[in-house]
$ cat model_39.cif   # mmCIF, C-alpha atoms
data_protein
#
loop_
_atom_site.label_atom_id
_atom_site.label_comp_id
_atom_site.auth_asym_id
_atom_site.auth_seq_id
_atom_site.Cartn_x
_atom_site.Cartn_y
_atom_site.Cartn_z
CA MET A 1 -37.37 -5.95 -11.20
CA LYS A 2 -33.58 -6.39 -10.95
CA LYS A 3 -31.30 -6.31 -13.98
CA ILE A 4 -28.11 -8.32 -14.49
CA THR A 5 -25.99 -7.62 -17.57
CA PHE A 6 -23.57 -10.06 -19.17
CA ILE A 7 -20.72 -8.34 -21.05
CA GLY A 8 -19.15 -10.90 -23.39
CA ALA A 9 -22.30 -13.02 -23.24
CA GLY A 10 -21.15 -14.95 -26.32
CA SER A 11 -18.98 -16.97 -23.96
CA MET A 12 -21.92 -19.33 -23.79
CA GLY A 13 -20.54 -21.85 -21.30
CA PHE A 14 -20.07 -19.24 -18.58
CA THR A 15 -23.28 -17.38 -19.37
CA ARG A 16 -25.33 -20.57 -19.50
CA ASN A 17 -24.11 -21.78 -16.11
CA LEU A 18 -24.46 -18.42 -14.39
CA VAL A 19 -27.99 -17.86 -15.70
CA ALA A 20 -28.99 -21.38 -14.63
CA ASP A 21 -27.74 -20.58 -11.12
CA LEU A 22 -29.50 -17.21 -10.99
CA LEU A 23 -32.85 -18.70 -11.91
CA THR A 24 -32.76 -21.19 -9.02
CA LEU A 25 -33.08 -18.28 -6.57
CA ASP A 26 -36.47 -16.89 -5.57
CA ALA A 27 -35.23 -13.29 -5.59
CA PHE A 28 -34.55 -13.49 -9.34
CA LYS A 29 -37.73 -15.13 -10.64
CA ASP A 30 -38.65 -11.82 -12.33
CA LEU A 31 -35.13 -10.84 -13.34
CA THR A 32 -34.15 -8.88 -16.44
CA ILE A 33 -31.17 -10.60 -18.08
CA CYS A 34 -29.34 -8.42 -20.60
CA LEU A 35 -26.95 -10.20 -22.94
CA MET A 36 -24.31 -8.04 -24.63
CA ASP A 37 -21.60 -9.10 -27.07
CA ILE A 38 -19.99 -7.66 -30.20
CA HIS A 39 -20.30 -11.03 -32.00
CA GLU A 40 -23.91 -11.18 -33.17
CA GLY A 41 -23.76 -14.87 -34.09
CA ARG A 42 -22.56 -16.02 -30.67
CA LEU A 43 -24.97 -13.62 -29.04
CA ASP A 44 -27.98 -15.18 -30.77
CA TYR A 45 -26.97 -18.69 -29.74
CA THR A 46 -26.58 -17.51 -26.15
CA ARG A 47 -30.04 -15.91 -26.30
CA GLN A 48 -31.51 -19.24 -27.39
CA ALA A 49 -29.67 -21.00 -24.57
CA VAL A 50 -30.96 -18.54 -21.98
CA GLU A 51 -34.53 -18.89 -23.27
CA LYS A 52 -34.15 -22.66 -22.92
CA ILE A 53 -32.94 -22.28 -19.32
CA LYS A 54 -35.74 -19.84 -18.55
CA LYS A 55 -38.31 -22.40 -19.75
CA ALA A 56 -36.66 -25.29 -17.88
CA ARG A 57 -36.57 -23.24 -14.68
CA ASN A 58 -40.24 -22.24 -15.15
CA CYS A 59 -39.51 -18.52 -14.93
CA PRO A 60 -42.01 -16.89 -17.34
CA ALA A 61 -41.58 -13.46 -15.69
CA VAL A 62 -37.86 -13.35 -16.52
CA LYS A 63 -37.14 -10.88 -19.31
CA VAL A 64 -34.27 -11.49 -21.77
CA GLU A 65 -32.74 -8.56 -23.62
CA VAL A 66 -30.06 -8.78 -26.32
CA THR A 67 -27.84 -5.97 -27.59
CA THR A 68 -24.47 -5.16 -29.10
CA ASP A 69 -24.62 -1.72 -27.45
CA ARG A 70 -22.69 -1.72 -24.17
CA VAL A 71 -24.20 1.54 -22.92
CA LYS A 72 -27.72 0.23 -23.45
CA ALA A 73 -26.79 -2.99 -21.70
CA LEU A 74 -25.41 -1.22 -18.64
CA GLN A 75 -28.14 1.36 -18.14
CA GLY A 76 -29.88 0.59 -14.87
CA ALA A 77 -28.01 -2.64 -14.17
CA ASP A 78 -27.82 -3.93 -10.59
CA GLY A 79 -25.20 -6.54 -11.43
CA VAL A 80 -22.64 -6.92 -14.23
CA VAL A 81 -20.73 -10.05 -15.24
CA CYS A 82 -17.74 -9.80 -17.57
CA THR A 83 -16.39 -12.71 -19.66
CA ILE A 84 -14.75 -10.90 -22.58
CA LEU A 85 -11.74 -11.80 -24.72
CA ASN A 86 -10.15 -8.82 -26.48
CA GLY A 87 -8.54 -10.18 -29.62
CA GLY A 88 -9.51 -13.60 -30.91
CA VAL A 89 -7.48 -16.77 -30.91
CA GLN A 90 -5.51 -15.66 -33.98
CA VAL A 91 -4.29 -12.68 -31.92
CA TRP A 92 -3.51 -14.24 -28.59
CA ARG A 93 -1.94 -17.37 -30.07
CA HIS A 94 1.20 -15.22 -30.50
CA ASP A 95 1.35 -14.77 -26.70
CA ILE A 96 2.13 -18.49 -26.59
CA GLU A 97 4.02 -19.03 -29.82
CA ILE A 98 6.53 -16.17 -29.59
CA PRO A 99 7.84 -17.23 -26.13
CA LYS A 100 8.03 -20.83 -27.40
CA SER A 101 10.27 -19.70 -30.27
CA TYR A 102 12.66 -18.38 -27.60
CA GLY A 103 12.47 -21.57 -25.53
CA VAL A 104 9.79 -20.57 -22.98
CA ASP A 105 7.26 -23.39 -23.02
CA ILE A 106 3.81 -22.23 -21.85
CA ASN A 107 0.77 -24.34 -21.04
CA VAL A 108 -2.12 -21.82 -20.79
CA GLY A 109 -0.64 -18.33 -20.67
CA ASP A 110 -3.62 -16.33 -19.42
CA THR A 111 -2.46 -15.26 -15.96
CA ARG A 112 1.10 -13.90 -15.72
CA GLY A 113 4.49 -14.30 -17.35
CA PRO A 114 5.06 -13.04 -20.92
CA SER A 115 1.82 -14.42 -22.33
CA GLY A 116 -0.41 -13.37 -19.44
CA ILE A 117 1.07 -9.87 -19.35
CA PHE A 118 0.50 -9.18 -23.05
CA ARG A 119 -3.04 -10.55 -22.78
CA PHE A 120 -3.49 -8.10 -19.89
CA LEU A 121 -2.10 -5.16 -21.86
CA ARG A 122 -4.60 -5.73 -24.68
CA THR A 123 -7.53 -6.28 -22.35
CA ALA A 124 -7.00 -3.56 -19.71
CA PRO A 125 -8.13 -0.59 -21.86
CA VAL A 126 -11.42 -2.31 -22.66
CA MET A 127 -12.01 -3.19 -19.01
CA LEU A 128 -11.34 0.40 -17.97
CA ASP A 129 -13.82 1.59 -20.60
CA ILE A 130 -16.40 -0.80 -19.13
CA CYS A 131 -15.74 0.64 -15.66
CA LYS A 132 -16.11 4.16 -17.06
CA ASP A 133 -19.52 3.22 -18.44
CA ILE A 134 -20.55 1.53 -15.18
CA GLU A 135 -19.57 4.64 -13.24
CA LYS A 136 -21.79 6.72 -15.54
CA TYR A 137 -24.81 4.46 -16.10
CA CYS A 138 -25.02 2.09 -13.08
CA PRO A 139 -22.55 3.27 -10.40
CA LYS A 140 -24.08 1.13 -7.65
CA ALA A 141 -23.87 -2.09 -9.64
CA VAL A 142 -21.84 -5.08 -8.42
CA PHE A 143 -19.26 -5.84 -11.12
CA LEU A 144 -17.99 -9.44 -11.12
CA ASN A 145 -15.12 -10.22 -13.47
CA TYR A 146 -14.37 -13.66 -14.90
CA THR A 147 -11.90 -12.46 -17.55
CA ASN A 148 -8.22 -13.40 -17.23
CA PRO A 149 -5.63 -12.36 -16.27
CA MET A 150 -7.77 -12.03 -13.18
CA ALA A 151 -5.43 -10.35 -10.70
CA MET A 152 -3.96 -7.69 -12.99
CA LEU A 153 -7.32 -6.75 -14.49
CA CYS A 154 -9.02 -6.50 -11.09
CA ARG A 155 -6.09 -4.51 -9.71
CA ILE A 156 -6.13 -1.92 -12.49
CA MET A 157 -9.91 -1.54 -12.35
CA GLN A 158 -10.04 -1.29 -8.57
CA GLY A 159 -7.18 1.21 -8.59
CA GLU A 160 -8.62 3.47 -11.28
CA TYR A 161 -12.26 3.20 -10.16
CA PRO A 162 -12.10 2.77 -6.37
CA LYS A 163 -15.72 3.81 -5.80
CA LEU A 164 -17.10 0.91 -7.84
CA THR A 165 -17.85 -2.50 -6.32
CA VAL A 166 -15.50 -4.71 -8.34
CA SER A 167 -14.31 -8.21 -7.56
CA GLY A 168 -12.99 -11.11 -9.62
CA LEU A 169 -14.10 -14.72 -9.36
CA CYS A 170 -12.19 -17.89 -10.18
CA HIS A 171 -13.72 -21.34 -9.84
CA SER A 172 -10.36 -22.88 -8.86
CA VAL A 173 -10.90 -22.28 -5.13
CA GLN A 174 -14.14 -24.20 -4.77
CA GLY A 175 -13.12 -26.56 -7.56
CA THR A 176 -9.91 -27.64 -5.82
CA ALA A 177 -11.67 -27.88 -2.45
CA GLY A 178 -14.10 -30.31 -4.05
CA MET A 179 -11.29 -32.26 -5.68
CA LEU A 180 -9.53 -32.73 -2.33
CA ALA A 181 -12.77 -33.81 -0.70
CA GLY A 182 -13.20 -36.41 -3.44
CA TRP A 183 -9.70 -37.76 -2.86
CA LEU A 184 -10.48 -38.06 0.84
CA GLY A 185 -13.84 -39.73 0.19
CA GLU A 186 -15.69 -36.91 1.94
CA ASP A 187 -18.76 -34.81 1.22
CA MET A 188 -18.18 -31.08 0.72
CA LYS A 189 -20.90 -30.30 3.27
CA ASP A 190 -18.47 -31.57 5.94
CA VAL A 191 -15.52 -29.50 4.65
CA THR A 192 -14.44 -26.07 5.87
CA TYR A 193 -11.38 -24.17 4.69
CA THR A 194 -9.54 -20.87 4.70
CA CYS A 195 -7.86 -20.11 1.40
CA ALA A 196 -5.69 -17.05 0.68
CA GLY A 197 -2.95 -15.79 -1.62
CA ILE A 198 -3.25 -14.46 -5.16
CA ASN A 199 -5.26 -15.71 -8.11
CA HIS A 200 -4.13 -19.20 -9.19
CA GLN A 201 -1.56 -19.14 -6.37
CA ALA A 202 -3.82 -19.23 -3.35
CA PHE A 203 -3.26 -21.83 -0.64
CA TYR A 204 -5.58 -23.63 1.77
CA LEU A 205 -4.19 -22.33 5.05
CA GLU A 206 -6.71 -24.61 6.74
CA TYR A 207 -8.56 -27.56 5.27
CA LYS A 208 -10.78 -29.39 7.74
CA VAL A 209 -13.30 -32.20 7.63
CA ARG A 210 -15.86 -32.14 10.43
CA GLY A 211 -13.63 -29.70 12.27
CA GLU A 212 -10.45 -31.83 12.11
CA ASP A 213 -7.29 -30.98 10.16
CA ALA A 214 -7.44 -33.09 6.96
CA TYR A 215 -3.85 -32.42 5.86
CA PRO A 216 -2.33 -35.52 7.58
CA ARG A 217 -4.79 -37.73 5.68
CA LEU A 218 -4.19 -35.81 2.45
CA ARG A 219 -0.42 -36.34 2.70
CA GLN A 220 -1.06 -40.07 2.76
CA VAL A 221 -3.67 -40.00 -0.02
CA ILE A 222 -1.43 -38.25 -2.56
CA GLU A 223 1.07 -41.11 -2.32
CA LYS A 224 -1.42 -43.34 -4.13
CA PRO A 225 -0.28 -43.50 -7.77
CA ASP A 226 -3.69 -42.66 -9.25
CA VAL A 227 -4.05 -39.59 -7.01
CA TYR A 228 -0.45 -38.47 -7.42
CA ASN A 229 -0.66 -38.73 -11.22
CA GLU A 230 -3.88 -36.75 -11.39
CA GLU A 231 -2.08 -33.56 -10.25
CA ILE A 232 1.67 -34.20 -10.35
CA VAL A 233 2.81 -30.57 -10.21
CA ARG A 234 0.40 -29.57 -7.48
CA ASN A 235 1.18 -32.65 -5.43
CA GLU A 236 4.90 -31.88 -5.68
CA LEU A 237 4.20 -28.29 -4.60
CA PHE A 238 2.17 -29.63 -1.66
CA LYS A 239 5.08 -31.78 -0.56
CA ALA A 240 7.47 -28.83 -0.81
CA PHE A 241 5.34 -26.03 0.65
CA GLY A 242 3.15 -27.93 3.11
CA TYR A 243 -0.13 -26.40 1.90
CA TYR A 244 -2.28 -27.23 -1.12
CA ILE A 245 -2.50 -24.72 -3.97
CA THR A 246 -5.47 -23.73 -6.12
CA GLU A 247 -5.62 -24.08 -9.91
CA SER A 248 -4.47 -26.93 -12.12
CA SER A 249 -1.02 -28.46 -12.44
CA GLY A 250 -0.74 -27.09 -15.96
CA HIS A 251 -1.30 -23.52 -14.84
CA ASN A 252 0.98 -23.83 -11.83
CA SER A 253 3.79 -25.41 -13.82
CA GLU A 254 4.24 -22.08 -15.65
CA TYR A 255 4.22 -19.82 -12.55
CA CYS A 256 7.47 -21.17 -11.10
CA ALA A 257 10.90 -22.32 -12.24
CA TRP A 258 10.85 -26.00 -11.37
CA PHE A 259 8.77 -27.86 -13.96
CA ARG A 260 9.04 -26.41 -17.49
CA LYS A 261 12.55 -25.07 -18.01
CA ARG A 262 13.84 -28.24 -19.72
CA PRO A 263 12.10 -30.76 -22.02
CA GLU A 264 12.87 -33.68 -19.72
CA LEU A 265 11.20 -31.88 -16.80
CA ILE A 266 8.09 -31.25 -18.88
CA GLU A 267 8.07 -34.93 -19.80
CA GLN A 268 8.45 -35.96 -16.15
CA TYR A 269 6.01 -33.58 -14.47
CA CYS A 270 3.67 -32.15 -17.11
CA ALA A 271 3.11 -34.70 -19.88
CA PRO A 272 2.05 -37.90 -18.05
CA GLY A 273 -0.55 -36.38 -15.69
CA ILE A 274 -4.16 -37.48 -16.02
CA GLY A 275 -5.94 -34.40 -14.64
CA TRP A 276 -7.99 -32.09 -16.87
CA ASN A 277 -4.86 -30.03 -17.62
CA PRO A 278 -1.60 -31.72 -16.67
CA GLY A 279 0.54 -29.18 -18.53
CA VAL A 280 1.27 -29.98 -22.16
CA TYR A 281 2.38 -27.08 -24.35
CA ALA A 282 -0.35 -24.68 -25.52
CA TYR A 283 -3.18 -26.80 -24.13
CA ILE A 284 -5.89 -24.11 -24.09
CA LEU A 285 -4.68 -22.61 -27.38
CA GLY A 286 -5.18 -26.00 -28.99
CA GLU A 287 -8.69 -26.24 -27.60
CA TYR A 288 -9.57 -22.76 -28.89
CA LEU A 289 -8.12 -23.47 -32.32
CA LYS A 290 -10.29 -26.57 -32.56
CA GLY A 291 -13.26 -24.52 -31.38
CA GLU A 292 -12.78 -22.06 -34.24
CA GLU A 293 -14.29 -24.70 -36.52
CA THR A 294 -16.72 -26.40 -34.15
CA TRP A 295 -18.23 -23.77 -31.82
CA GLU A 296 -21.38 -23.18 -33.85
CA ALA A 297 -22.22 -26.87 -34.11
CA GLU A 298 -21.50 -27.33 -30.39
CA PHE A 299 -23.74 -24.40 -29.43
CA GLN A 300 -26.55 -25.72 -31.65
CA LYS A 301 -26.20 -29.23 -30.24
CA TRP A 302 -26.63 -27.96 -26.68
CA ILE A 303 -29.65 -25.88 -27.64
CA ASP A 304 -31.22 -28.92 -29.37
CA GLU A 305 -30.19 -31.68 -26.97
CA GLY A 306 -28.43 -30.31 -23.88
CA GLU A 307 -29.87 -30.68 -20.41
CA VAL A 308 -30.26 -27.78 -18.02
CA ASN A 309 -28.45 -28.66 -14.81
CA THR A 310 -30.86 -28.87 -11.90
CA LEU A 311 -28.08 -28.27 -9.37
CA TRP A 312 -25.77 -25.36 -8.57
CA ASN A 313 -23.02 -25.15 -11.22
CA GLY A 314 -20.37 -24.23 -8.66
CA GLU A 315 -19.95 -20.54 -9.50
CA TYR A 316 -20.30 -17.82 -6.88
CA ALA A 317 -21.86 -15.01 -8.91
CA ALA A 318 -25.55 -15.81 -8.34
CA TYR A 319 -25.15 -16.00 -4.57
CA ILE A 320 -23.11 -12.79 -4.43
CA PHE A 321 -25.78 -10.91 -6.36
CA ASN A 322 -28.44 -12.49 -4.15
CA ALA A 323 -26.60 -11.36 -1.01
CA VAL A 324 -26.12 -7.76 -2.16
CA PHE A 325 -29.41 -6.96 -3.93
CA GLY A 326 -31.53 -10.13 -3.79
CA ASP A 327 -32.89 -11.55 -0.55
CA GLY A 328 -29.89 -10.26 1.44
CA LYS A 329 -28.66 -13.65 2.69
CA PRO A 330 -24.93 -13.20 3.43
CA PHE A 331 -22.57 -15.29 1.31
CA ARG A 332 -18.91 -16.11 1.95
CA PHE A 333 -16.63 -16.66 -1.03
CA ASN A 334 -13.06 -16.13 -2.21
CA GLY A 335 -12.76 -12.96 -4.26
CA ASN A 336 -10.05 -10.85 -5.84
CA ILE A 337 -9.70 -7.56 -4.04
CA ARG A 338 -6.98 -5.04 -3.14
CA ASN A 339 -4.73 -5.78 -0.19
CA PHE A 340 -5.40 -3.01 2.28
CA GLY A 341 -4.57 -4.68 5.59
CA VAL A 342 -5.87 -8.08 4.52
CA VAL A 343 -2.68 -10.17 4.11
CA ASP A 344 0.19 -8.66 6.10
CA ASN A 345 3.07 -10.19 4.15
CA LEU A 346 1.83 -9.66 0.60
CA PRO A 347 2.36 -6.33 -1.20
CA HIS A 348 0.21 -3.48 0.07
CA GLY A 349 -2.47 -2.47 -2.42
CA ALA A 350 -1.87 -5.43 -4.75
CA CYS A 351 -4.69 -7.75 -5.78
CA VAL A 352 -5.11 -10.73 -3.45
CA GLU A 353 -7.55 -13.64 -3.55
CA VAL A 354 -9.01 -13.97 -0.06
CA PRO A 355 -12.18 -14.86 1.85
CA CYS A 356 -14.84 -12.17 1.41
CA LEU A 357 -18.37 -11.59 2.64
CA ALA A 358 -21.16 -10.40 0.36
CA ASP A 359 -24.19 -8.83 2.02
CA PRO A 360 -26.42 -5.78 1.43
CA ALA A 361 -23.49 -3.53 2.39
CA GLY A 362 -21.44 -4.83 -0.54
CA ILE A 363 -18.29 -6.99 -0.60
CA THR A 364 -15.95 -6.99 2.39
CA PRO A 365 -12.71 -9.01 2.69
CA PHE A 366 -11.87 -10.92 5.85
CA ARG A 367 -8.52 -10.17 7.45
CA VAL A 368 -6.10 -13.07 6.92
CA GLY A 369 -3.03 -11.74 8.77
CA GLU A 370 0.30 -13.36 7.90
CA MET A 371 0.64 -16.27 5.54
CA PRO A 372 3.38 -18.83 6.22
CA ARG A 373 6.64 -17.34 4.99
CA GLN A 374 7.32 -19.89 2.25
CA LEU A 375 3.89 -19.14 0.75
CA SER A 376 4.26 -15.37 0.95
CA ALA A 377 7.70 -15.64 -0.68
CA LEU A 378 6.23 -17.43 -3.70
CA CYS A 379 3.14 -15.23 -3.95
CA SER A 380 4.95 -11.94 -3.29
CA LEU A 381 7.20 -12.32 -6.34
CA SER A 382 4.24 -12.96 -8.63
CA SER A 383 2.30 -10.12 -7.01
CA GLU A 384 5.14 -7.61 -7.41
CA LEU A 385 5.50 -8.59 -11.06
CA GLU A 386 1.80 -7.98 -11.55
CA GLU A 387 2.17 -4.54 -9.94
CA LEU A 388 4.98 -3.72 -12.38
CA ALA A 389 2.80 -4.74 -15.32
CA VAL A 390 -0.08 -2.60 -14.05
CA GLU A 391 2.25 0.40 -13.70
CA GLY A 392 3.49 -0.21 -17.24
CA ALA A 393 -0.07 -0.40 -18.59
CA LEU A 394 -1.02 2.89 -16.94
CA THR A 395 2.12 4.79 -17.99
CA GLY A 396 2.85 3.24 -21.41
CA ASP A 397 6.36 2.46 -20.16
CA PRO A 398 7.73 -0.65 -21.94
CA MET A 399 10.62 -0.93 -19.48
CA LYS A 400 8.19 -1.85 -16.71
CA ILE A 401 6.75 -4.56 -18.92
CA TYR A 402 10.23 -5.86 -19.70
CA GLN A 403 11.16 -5.77 -16.01
CA SER A 404 8.02 -7.68 -15.07
CA ILE A 405 8.76 -10.38 -17.64
CA MET A 406 12.49 -10.54 -16.94
CA MET A 407 11.74 -11.42 -13.31
CA ASP A 408 9.14 -14.06 -14.19
CA PRO A 409 10.42 -17.34 -12.65
CA LEU A 410 9.99 -19.54 -15.73
CA THR A 411 11.25 -16.94 -18.20
CA SER A 412 14.31 -16.10 -16.12
CA ALA A 413 15.10 -19.80 -15.68
CA VAL A 414 15.30 -20.22 -19.46
CA LEU A 415 16.55 -16.94 -20.97
CA SER A 416 19.22 -14.30 -20.44
CA LEU A 417 18.31 -10.65 -19.94
CA ALA A 418 19.23 -9.85 -23.53
CA GLU A 419 17.13 -12.73 -24.86
CA ILE A 420 14.16 -11.64 -22.74
CA LYS A 421 14.41 -8.08 -24.07
CA GLU A 422 14.50 -9.37 -27.64
CA MET A 423 11.43 -11.55 -26.96
CA VAL A 424 9.51 -8.66 -25.37
CA LYS A 425 10.32 -6.44 -28.37
CA ALA A 426 8.97 -9.14 -30.68
CA MET A 427 5.77 -9.37 -28.64
CA PHE A 428 5.29 -5.59 -28.69
CA GLU A 429 5.79 -5.60 -32.47
CA LYS A 430 3.17 -8.34 -32.93
CA ASN A 431 0.74 -6.37 -30.72
CA LYS A 432 1.36 -2.91 -32.20
CA GLU A 433 -2.27 -2.66 -33.36
CA TYR A 434 -3.34 -2.84 -29.71
CA LEU A 435 -0.32 -1.32 -27.95
CA GLY A 436 0.69 1.54 -30.22
CA HIS A 437 0.54 3.94 -27.25
CA PHE A 438 3.67 2.37 -25.75
CA SER A 439 7.01 3.99 -26.46
CA LYS A 440 9.79 1.90 -28.00
CA LEU A 441 11.69 -0.47 -25.73
#
$ encode --input "model_39.cif" --output "C-alpha cells"
Amino acid sequence: MKKITFIGAGSMGFTRNLVADLLTLDAFKDLTICLMDIHEGRLDYTRQAVEKIKKARNCPAVKVEVTTDRVKALQGADGVVCTILNGGVQVWRHDIEIPKSYGVDINVGDTRGPSGIFRFLRTAPVMLDICKDIEKYCPKAVFLNYTNPMAMLCRIMQGEYPKLTVSGLCHSVQGTAGMLAGWLGEDMKDVTYTCAGINHQAFYLEYKVRGEDAYPRLRQVIEKPDVYNEEIVRNELFKAFGYYITESSGHNSEYCAWFRKRPELIEQYCAPGIGWNPGVYAYILGEYLKGEETWEAEFQKWIDEGEVNTLWNGEYAAYIFNAVFGDGKPFRFNGNIRNFGVVDNLPHGACVEVPCLADPAGITPFRVGEMPRQLSALCSLSSELEELAVEGALTGDPMKIYQSIMMDPLTSAVLSLAEIKEMVKAMFEKNKEYLGHFSKL
C-alpha cells in the first residue's frame, strides 16, 4: 500500500482535485491518503470531501488518515504534496498594501517583486523544516510543491536538500496550452509544445497542431477583439516577443515595467480585460478577504451538493506519482528544477521551469539549450533577482532583499532607490514577527 501525504490539506480545492485524479489510476486503488493541516476546521471539511471522492470513485480499499502532526503525516510517505500558506490573509495583505502606499500597484503578488519576496521570506523556513522532516522520515519520497512563490521556494529547498526529489508544479503551462488550443478551435490531443523559462515567465518555444507550427494562425487569431481582450497583456507580450507566455495577464503585468507603472496604463491594459484575471489591483487579496467569511459555507455546499469530476482535473501530480512509484508509466510534464545544463542562457543553478520526465528513476529535466535572446533577457533578470532573494533568506542579509526589490522592473519603474529602501524597511517592520532573524537594513 502506497502513502501520499498532503501538507496544507485544508486548501480544499487543490486537495480535492488532486485526490480525484489519484483515484482514477489503478495503481492507487488501495492508497493511503494522509491529510495534514494545522487548521482543524479546514482539515475536517477536507476529510469529508476526500471521503466523498473515495465513494464516488468506488475505492473502498483507500484509507484516509487525518492529523495535525507533520511528523506522523510524513512517516513512510511515498509522495508528498505541499499547498501551505504561512501567515493568513491578514498577514500577507500587507505585502500588497504597503507597496501600493508607495505607488507600486500589484495584482496578485505571490511570485516575485516586493510582495512575492516577502511572502517567500515568511514561507521558506517552514518549507525547509518540511524538507528536514522528509529527509528524516521518508527520504525517498517525491515532494511536489504547489505553494508560491514557486521558483524561490523550489530553489531554496533544492539547494539546501539536494538529495531529495523535489519539484514544483504550476497549472499555467497546461492551462495556457489549452487556452491557445481553444482559440484555434483545436483539440488538445492534436497539440504538441515545448515550453521553457521560469515559473510564470515560461514561453512556448514551439506550439504545433498536428505537427505544424501554429504560431502564424495564432498571430491572426489574437487580432479578433474578443480574443485580444481576453488576455490583453499576454497578447501584447506575444506581439513584442514573438512567443506566447504562460500565466495570466494579471500576473504578467506585474513582472515587467510596461503595464502598471501609471494609472492610465493600468486602465488601458489591465482593467478592461475579460480573462479570469486581467490585472486589477489586489485581485487575489480581494478574493481571499471575501473567503474569510464564506469558506465554511462554500466547503459545506460542495460536500452536500458538489459533483466529483469524472475527468482529469488538469494537474500533473497524480501522473508523476504514478510514473515514479505507481505502475511506472513515464510521464512528461513541465516542472521547476535547478538549471544545471538545462537552459544555456539562464543563470546556472537557478530554478527554471522546463520539460521533465517522471519515471521509476525519479524526475529528470530535458535539455532545452538556448532560448531566444529576447526571452532569456526577460527571464534572466527575474531569475537573478530570485537568486538574490534566496541568498538573503539564507544569510539574513537585508541588503540582498533590498537589492532584489530595487531591481524589480515594476518597482524600479515607479520608485527611486531611496523610496524603495524606505518601502523595504516598512515591509520588514510589518513582518518582524516572522523575520526577526534579519539584521537592520
$ residues_near_point --input "model_39.cif" --point "(10.2, -13.2, -18.0)" --cutoff "12 Å" --atoms "all atoms listed in the file" --output "ChimeraX atom specification"
/A:99,102-106,112-118,254-257,382,385-386,389,400-424
$ atom_distance --input "model_39.cif" --atom1 "CA of Phe325 in chain A" --atom2 "CA of Gln174 in chain A"
23.0 Å
$ atom_distance --input "model_39.cif" --atom1 "CA of Lys132 in chain A" --atom2 "CA of Thr83 in chain A"
17.1 Å
$ resolve_selection --input "model_39.cif" --expression "the PyMOL selection byres ((chain A and resi 390) around 12)" --output "ChimeraX atom specification"
/A:112,117-118,120-125,149,151-160,349-351,383-389,391-398,400-401,403-404
$ closest_residue --input "model_39.cif" --among "A:His94, A:Lys54, A:Val81, A:Met399" --to "Ser439 in chain A" --atoms "all atoms listed in the file"
A:Met399
$ closest_residue --input "model_39.cif" --among "A:Arg210, A:Lys136, A:Lys52, A:Lys189" --to "Val71 in chain A" --atoms "all atoms listed in the file"
A:Lys136
$ residues_around --input "model_39.cif" --residues "Pro360 in chain A" --least-positions-apart "2" --cutoff "6 Å" --atoms "all atoms listed in the file" --output "list in words"
Val324, Gly328 and Gly362 of chain A
$ build_atoms --input "model_39.cif" --residues "range 113-126 of chain A" --atoms "N, CA and C atoms" --output "compact mmCIF listing (two decimals), keeping the file's coordinate frame"
# COMPACT_ATOMS: atom_id res chain seq x y z
N GLY A 113 3.43 -13.94 -16.42
CA GLY A 113 4.49 -14.30 -17.35
C GLY A 113 4.31 -13.55 -18.66
N PRO A 114 5.12 -13.82 -19.67
CA PRO A 114 5.06 -13.04 -20.92
C PRO A 114 3.70 -13.11 -21.59
N SER A 115 3.10 -14.27 -21.63
CA SER A 115 1.82 -14.42 -22.33
C SER A 115 0.68 -13.77 -21.55
N GLY A 116 0.65 -13.98 -20.25
CA GLY A 116 -0.41 -13.37 -19.44
C GLY A 116 -0.32 -11.86 -19.42
N ILE A 117 0.90 -11.33 -19.41
CA ILE A 117 1.07 -9.87 -19.35
C ILE A 117 0.61 -9.21 -20.66
N PHE A 118 0.95 -9.80 -21.80
CA PHE A 118 0.50 -9.18 -23.05
C PHE A 118 -1.00 -9.36 -23.24
N ARG A 119 -1.57 -10.42 -22.78
CA ARG A 119 -3.04 -10.55 -22.78
C ARG A 119 -3.64 -9.44 -21.92
N PHE A 120 -3.03 -9.18 -20.77
CA PHE A 120 -3.49 -8.10 -19.89
C PHE A 120 -3.41 -6.74 -20.58
N LEU A 121 -2.29 -6.47 -21.23
CA LEU A 121 -2.10 -5.16 -21.86
C LEU A 121 -3.15 -4.89 -22.94
N ARG A 122 -3.55 -5.91 -23.67
CA ARG A 122 -4.60 -5.73 -24.68
C ARG A 122 -5.98 -5.56 -24.06
N THR A 123 -6.19 -6.23 -22.94
CA THR A 123 -7.53 -6.28 -22.35
C THR A 123 -7.81 -5.11 -21.42
N ALA A 124 -6.79 -4.59 -20.74
CA ALA A 124 -7.00 -3.56 -19.71
C ALA A 124 -7.74 -2.33 -20.23
N PRO A 125 -7.39 -1.78 -21.41
CA PRO A 125 -8.13 -0.59 -21.86
C PRO A 125 -9.62 -0.82 -22.02
N VAL A 126 -10.00 -2.00 -22.50
CA VAL A 126 -11.42 -2.31 -22.66
C VAL A 126 -12.10 -2.41 -21.30
